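One structure is given below, encoded as structure tokens.
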Amino acid sequence: MDLRKVTTQLEKLSKVRTIIFETKQPVSLFEACILKFKYLRVLNFKESSFEVLPSSIGTLKLLRYLNLSGNRIIKRLPNSICKLHSLQTLLLADCENLERLPKDMRYMISLRFLMVTTKHTCMSENGEGCFNSLRFLVIGACGRLKCLFGGMDGCLAYLRTLIVGKCPNLTSLSLSINSLTALEFLWIGNCKELILMEGEDYQDLKLSLRILKIVNLPKLETCFLLAKLNPLATYNSNGPLLGGD
């Protein structure tokens with residue numbers, strides 16, 4: 001694709017609300033879109049190829065959907081992305097060189113749907129881990145990740161779906177299960193070092209889990225979560241996913 005022709009065509013447009021590219025595009029085109037179209041709601045740069053997301057992304061105050069999945073060389077997201085208070089969906093799947101998420105993500109008050117791949121070793125509240133508004137969280141293909149959610153009491157109170165997969169070095173979820181009272185769907189798979197440990201004070205715990213699926217966790221001997229499932233829930237291990245009514 002001729003970048004000059006694309007840029008020329010973009011200059012002729014106005015009042016654009018949605019931009020979708022699903023082929024490799026340079027950061028210069030991304031910057032041009034940000035500068036030209038201040039009222040964007042949807043920005044899809046899937047399979048793009050740039051190392052650093054421009055800090056000008058923070059000027060798109062009305063942006064609701066941002067897809068950067070498949071960018072295998074991106075290393076950093078500017079903290080200015082946390083100014084996107086209208087953003088509801090952020091897709092960072094297969095961004096295998098992403099060093100970590102921005103430290104002020106707690107200010108993304110509308111974020112509901114997050115998919116992420118990162119080379120970070122631990123996600124916790126000391127930085128990117130406080131996702132108060134999230135409903136749907138997918139963490140996958142994180143080869144270096146060792147721990148999740150350490151010290152995150154109350155930070156995932158509204159989360160309904162949690163999927164964790166293909167994290168071969170993950171040893172602990174550090175799961176503050178008491179704060180996951182809204183969780184309905186839990187999928188954990190292909191984490192060969194993960195051990196789910198039963199914590200304390202779970203006698204009176206009430207979860208909303210309706211579907212629990214566990215796949216290829218060779219170090220799992222027992223799962224205390226089974227005793228805490230909703231009576232109408234479905235548990236499935238190493239088989240096709242089943243759904244409860």
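Every chain in the structure tokens takes a letter, A first, then B, and so on in the order presented; its residues are numbered from 1, and the ligands are numbered from 1 following the presented order.
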
Residues within 10 Å of Lys146 (chain A), only C-alpha atoms, excluding chain neighbours under 6 positions, as a PDB file with N, CA, C and O atoms, in the first residue's frame:
```
ATOM      1  N   HIS A 120       6.114  -8.631  30.637  1.00  0.00           N
ATOM      2  CA  HIS A 120       6.287  -8.294  32.034  1.00  0.00           C
ATOM      3  C   HIS A 120       6.226  -9.577  32.871  1.00  0.00           C
ATOM      4  O   HIS A 120       5.587 -10.555  32.483  1.00  0.00           O
ATOM      5  N   THR A 121       6.867  -9.570  34.036  1.00  0.00           N
ATOM      6  CA  THR A 121       6.905 -10.765  34.874  1.00  0.00           C
ATOM      7  C   THR A 121       5.813 -10.793  35.932  1.00  0.00           C
ATOM      8  O   THR A 121       5.450 -11.858  36.425  1.00  0.00           O
ATOM      9  N   CYS A 122       5.271  -9.612  36.281  1.00  0.00           N
ATOM     10  CA  CYS A 122       4.254  -9.586  37.329  1.00  0.00           C
ATOM     11  C   CYS A 122       3.315  -8.416  37.110  1.00  0.00           C
ATOM     12  O   CYS A 122       3.748  -7.294  36.851  1.00  0.00           O
ATOM     13  N   MET A 123       2.026  -8.673  37.188  1.00  0.00           N
ATOM     14  CA  MET A 123       1.026  -7.616  37.105  1.00  0.00           C
ATOM     15  C   MET A 123       0.400  -7.458  38.480  1.00  0.00           C
ATOM     16  O   MET A 123      -0.170  -8.405  39.023  1.00  0.00           O
ATOM     17  N   CYS A 167       0.601 -19.220  29.525  1.00  0.00           N
ATOM     18  CA  CYS A 167       1.598 -18.503  30.325  1.00  0.00           C
ATOM     19  C   CYS A 167       2.444 -19.570  31.021  1.00  0.00           C
ATOM     20  O   CYS A 167       2.169 -19.928  32.176  1.00  0.00           O
ATOM     21  N   PRO A 168       3.450 -20.107  30.359  1.00  0.00           N
ATOM     22  CA  PRO A 168       4.154 -21.305  30.840  1.00  0.00           C
ATOM     23  C   PRO A 168       4.930 -21.118  32.140  1.00  0.00           C
ATOM     24  O   PRO A 168       5.234 -22.105  32.818  1.00  0.00           O
ATOM     25  N   ASN A 169       5.255 -19.873  32.510  1.00  0.00           N
ATOM     26  CA  ASN A 169       6.021 -19.630  33.734  1.00  0.00           C
ATOM     27  C   ASN A 169       5.171 -19.073  34.866  1.00  0.00           C
ATOM     28  O   ASN A 169       5.692 -18.755  35.936  1.00  0.00           O
ATOM     29  N   LEU A 170       3.875 -18.966  34.641  1.00  0.00           N
ATOM     30  CA  LEU A 170       2.990 -18.452  35.675  1.00  0.00           C
ATOM     31  C   LEU A 170       2.895 -19.457  36.814  1.00  0.00           C
ATOM     32  O   LEU A 170       2.524 -20.609  36.614  1.00  0.00           O
ATOM     33  N   THR A 171       3.246 -19.009  38.012  1.00  0.00           N
ATOM     34  CA  THR A 171       3.214 -19.894  39.167  1.00  0.00           C
ATOM     35  C   THR A 171       2.077 -19.572  40.127  1.00  0.00           C
ATOM     36  O   THR A 171       1.626 -20.433  40.874  1.00  0.00           O
ATOM     37  N   SER A 172       1.615 -18.315  40.100  1.00  0.00           N
ATOM     38  CA  SER A 172       0.598 -17.924  41.059  1.00  0.00           C
ATOM     39  C   SER A 172      -0.324 -16.868  40.486  1.00  0.00           C
ATOM     40  O   SER A 172       0.115 -15.949  39.807  1.00  0.00           O
ATOM     41  N   LEU A 173      -1.611 -17.019  40.764  1.00  0.00           N
ATOM     42  CA  LEU A 173      -2.571 -15.980  40.427  1.00  0.00           C
ATOM     43  C   LEU A 173      -2.658 -14.944  41.535  1.00  0.00           C
ATOM     44  O   LEU A 173      -3.195 -13.863  41.328  1.00  0.00           O
ATOM     45  N   GLU A 193       3.188 -24.413  35.110  1.00  0.00           N
ATOM     46  CA  GLU A 193       3.772 -24.231  36.435  1.00  0.00           C
ATOM     47  C   GLU A 193       2.762 -23.733  37.462  1.00  0.00           C
ATOM     48  O   GLU A 193       3.094 -23.556  38.638  1.00  0.00           O
ATOM     49  N   LEU A 194       1.541 -23.499  37.051  1.00  0.00           N
ATOM     50  CA  LEU A 194       0.552 -22.881  37.935  1.00  0.00           C
ATOM     51  C   LEU A 194       0.014 -23.870  38.973  1.00  0.00           C
ATOM     52  O   LEU A 194      -0.369 -24.989  38.653  1.00  0.00           O
TER      53      LEU A 194
END
```

request  = Return as an NGL selection string the full set of residues in region 41-227 of chain A whose backbone-based DSSP assignment is strand (DSSP E or B).
outcome  = :A and (42-45 or 52 or 65-67 or 76 or 89-92 or 113-116 or 122-124 or 136-140 or 147-150 or 161-165 or 172 or 185-189 or 211-215)

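Each of A:Val52, A:Ile211, A:Ala32, A:Cys155 was compared to Asn79 (chain A) using only C-alpha atoms, and A:Val52 turns out to be the nearest.
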
task = Using backbone DSSP assignments, extract all alpha helix (DSSP H) residues from region 13-50 of chain A; output them as a ChimeraX atom specification.
result = /A:27-36

Atoms kept (all heavy atoms) for selection, written as a compact mmCIF listing (two decimals), in the first residue's frame:
```
# COMPACT_ATOMS: atom_id res chain seq x y z
N VAL A 27 4.11 3.96 12.00
CA VAL A 27 3.63 4.86 13.04
C VAL A 27 3.25 6.22 12.47
O VAL A 27 2.38 6.92 13.01
CB VAL A 27 4.68 5.00 14.16
CG1 VAL A 27 5.90 5.78 13.66
CG2 VAL A 27 4.08 5.65 15.39
N SER A 28 3.86 6.61 11.35
CA SER A 28 3.55 7.91 10.75
C SER A 28 2.09 7.99 10.32
O SER A 28 1.44 9.03 10.45
CB SER A 28 4.47 8.18 9.55
OG SER A 28 4.36 7.14 8.59
N LEU A 29 1.54 6.87 9.81
CA LEU A 29 0.13 6.85 9.42
C LEU A 29 -0.76 6.92 10.66
O LEU A 29 -1.79 7.61 10.66
CB LEU A 29 -0.17 5.58 8.61
CG LEU A 29 -1.61 5.45 8.12
CD1 LEU A 29 -2.02 6.64 7.26
CD2 LEU A 29 -1.80 4.15 7.35
N PHE A 30 -0.36 6.25 11.70
CA PHE A 30 -1.11 6.29 12.96
C PHE A 30 -1.17 7.73 13.48
O PHE A 30 -2.24 8.22 13.87
CB PHE A 30 -0.44 5.37 13.98
CG PHE A 30 -1.27 5.08 15.19
CD1 PHE A 30 -2.04 3.94 15.24
CD2 PHE A 30 -1.27 5.94 16.27
CE1 PHE A 30 -2.82 3.65 16.36
CE2 PHE A 30 -2.04 5.67 17.39
CZ PHE A 30 -2.81 4.52 17.44
N GLU A 31 -0.04 8.40 13.47
CA GLU A 31 0.01 9.78 13.94
C GLU A 31 -0.84 10.70 13.08
O GLU A 31 -1.51 11.62 13.59
CB GLU A 31 1.46 10.26 13.96
CG GLU A 31 2.31 9.63 15.04
CD GLU A 31 3.73 10.12 15.03
OE1 GLU A 31 4.36 10.05 13.95
OE2 GLU A 31 4.23 10.58 16.06
N ALA A 32 -0.82 10.47 11.77
CA ALA A 32 -1.61 11.29 10.86
C ALA A 32 -3.11 11.15 11.17
O ALA A 32 -3.85 12.14 11.14
CB ALA A 32 -1.33 10.88 9.41
N CYS A 33 -3.54 9.95 11.48
CA CYS A 33 -4.95 9.72 11.82
C CYS A 33 -5.33 10.44 13.10
O CYS A 33 -6.42 11.03 13.21
CB CYS A 33 -5.22 8.23 11.95
SG CYS A 33 -5.11 7.30 10.39
N ILE A 34 -4.44 10.40 14.08
CA ILE A 34 -4.71 11.05 15.36
C ILE A 34 -4.82 12.57 15.18
O ILE A 34 -5.73 13.21 15.73
CB ILE A 34 -3.61 10.71 16.38
CG1 ILE A 34 -3.64 9.23 16.73
CG2 ILE A 34 -3.78 11.55 17.65
CD1 ILE A 34 -2.51 8.78 17.63
N LEU A 35 -3.91 13.13 14.41
CA LEU A 35 -3.89 14.58 14.23
C LEU A 35 -5.06 15.07 13.39
O LEU A 35 -5.59 16.16 13.62
CB LEU A 35 -2.57 14.99 13.57
CG LEU A 35 -1.31 14.78 14.42
CD1 LEU A 35 -0.06 15.08 13.61
CD2 LEU A 35 -1.36 15.64 15.67
N LYS A 36 -5.48 14.26 12.43
CA LYS A 36 -6.51 14.69 11.50
C LYS A 36 -7.93 14.51 12.07
O LYS A 36 -8.79 15.36 11.88
CB LYS A 36 -6.38 13.89 10.20
CG LYS A 36 -7.49 14.11 9.18
CD LYS A 36 -7.50 15.52 8.61
CE LYS A 36 -8.54 15.66 7.52
NZ LYS A 36 -8.64 17.03 7.01
```

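The spacing separating CA of Ser48 (chain A) from CA of Thr117 (chain A) amounts to 15.1 Å.
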
task = Kindly indicate which residue among A:Lys24, A:Arg76, A:Arg106, A:Arg64 lies nearest to Glu47 (chain A), using only C-alpha atoms for the distances.
result = A:Lys24

task = Please measure the separation of CA of Leu13 (chain A) and CA of Tyr39 (chain A), giving the value in Å to one decimal.
result = 12.6 Å

note = Of A:Ile214, A:Leu114, A:Leu159, A:Leu63, the one nearest to Ile81 (chain A) when counting only C-alpha atoms is A:Leu63

task = May I ask for the distance between CA of Pro54 (chain A) and CA of Leu98 (chain A), given in Å to one decimal place?
result = 14.4 Å

task = Mind checking which residues fall within 12 Å of Arg100 (chain A), counting only C-alpha atoms, ignoring those fewer than 5 positions away in the same chain, and posting them as a PyMOL selection string?
result = chain A and resi 74-79+92+95+105+116-124+126-129+142+144-145

Write the residues you've just listed into a file as a compact mmCIF listing (two decimals), in the first residue's frame, and include N, CA and C atoms for each of them.
```txt
# COMPACT_ATOMS: atom_id res chain seq x y z
N ILE A 74 5.88 -3.69 19.19
CA ILE A 74 5.58 -2.58 20.09
C ILE A 74 6.12 -2.89 21.48
N LYS A 75 6.79 -1.90 22.08
CA LYS A 75 7.42 -2.09 23.38
C LYS A 75 6.73 -1.32 24.50
N ARG A 76 6.17 -0.16 24.17
CA ARG A 76 5.62 0.68 25.23
C ARG A 76 4.34 1.37 24.80
N LEU A 77 3.49 1.58 25.76
CA LEU A 77 2.31 2.43 25.59
C LEU A 77 2.55 3.68 26.44
N PRO A 78 2.34 4.86 25.89
CA PRO A 78 2.55 6.07 26.68
C PRO A 78 1.52 6.18 27.78
N ASN A 79 1.90 6.81 28.88
CA ASN A 79 0.95 6.96 29.97
C ASN A 79 -0.23 7.86 29.57
N LEU A 92 -4.70 -5.84 23.02
CA LEU A 92 -3.24 -5.89 22.93
C LEU A 92 -2.76 -7.34 22.83
N CYS A 95 0.94 -8.96 21.44
CA CYS A 95 1.96 -7.90 21.47
C CYS A 95 3.10 -8.41 22.34
N MET A 105 -3.43 3.09 34.58
CA MET A 105 -4.61 2.52 33.95
C MET A 105 -5.84 2.57 34.85
N VAL A 116 -4.59 -8.80 26.61
CA VAL A 116 -3.20 -8.36 26.66
C VAL A 116 -2.22 -9.52 26.62
N THR A 117 -1.14 -9.28 25.89
CA THR A 117 0.06 -10.11 25.93
C THR A 117 1.20 -9.19 26.31
N THR A 118 2.01 -9.59 27.28
CA THR A 118 3.09 -8.74 27.73
C THR A 118 4.30 -9.59 28.10
N LYS A 119 5.50 -8.99 28.08
CA LYS A 119 6.71 -9.68 28.52
C LYS A 119 7.02 -9.35 29.97
N HIS A 120 6.11 -8.63 30.64
CA HIS A 120 6.29 -8.29 32.03
C HIS A 120 6.23 -9.58 32.87
N THR A 121 6.87 -9.57 34.04
CA THR A 121 6.90 -10.76 34.87
C THR A 121 5.81 -10.79 35.93
N CYS A 122 5.27 -9.61 36.28
CA CYS A 122 4.25 -9.59 37.33
C CYS A 122 3.31 -8.42 37.11
N MET A 123 2.03 -8.67 37.19
CA MET A 123 1.03 -7.62 37.11
C MET A 123 0.40 -7.46 38.48
N SER A 124 0.50 -6.28 39.03
CA SER A 124 0.00 -6.04 40.38
C SER A 124 -0.56 -4.64 40.48
N ASN A 126 0.69 -2.19 41.96
CA ASN A 126 1.73 -1.17 41.91
C ASN A 126 2.02 -0.81 40.47
N GLY A 127 1.04 -0.21 39.84
CA GLY A 127 1.18 0.13 38.44
C GLY A 127 -0.07 -0.19 37.68
N GLU A 128 0.05 -1.20 36.78
CA GLU A 128 -0.99 -1.37 35.78
C GLU A 128 -2.16 -2.23 36.23
N GLY A 129 -2.11 -2.81 37.41
CA GLY A 129 -3.04 -3.87 37.71
C GLY A 129 -4.39 -3.51 38.27
N CYS A 142 1.86 -14.98 27.52
CA CYS A 142 2.84 -14.16 28.24
C CYS A 142 3.95 -15.08 28.74
N ARG A 144 6.92 -14.70 29.95
CA ARG A 144 7.72 -14.39 31.13
C ARG A 144 6.88 -14.18 32.39
N LEU A 145 5.60 -14.12 32.25
CA LEU A 145 4.74 -13.79 33.37
C LEU A 145 4.81 -14.87 34.45
```

query = When distances are computed from only C-alpha atoms, which of A:Leu68, A:Ile109, A:Leu87, A:Leu186 shows the smallest separation from Arg41 (chain A)?
reply =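 The closest residue to Arg41 (chain A) is A:Leu87.
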
ask   = A:Ser69, A:Asn97, A:Asn190, A:Ser208: which is nearest Tyr158 (chain A), counting only C-alpha atoms?
value =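 Result for the nearest residue to Tyr158 (chain A): A:Ser208.
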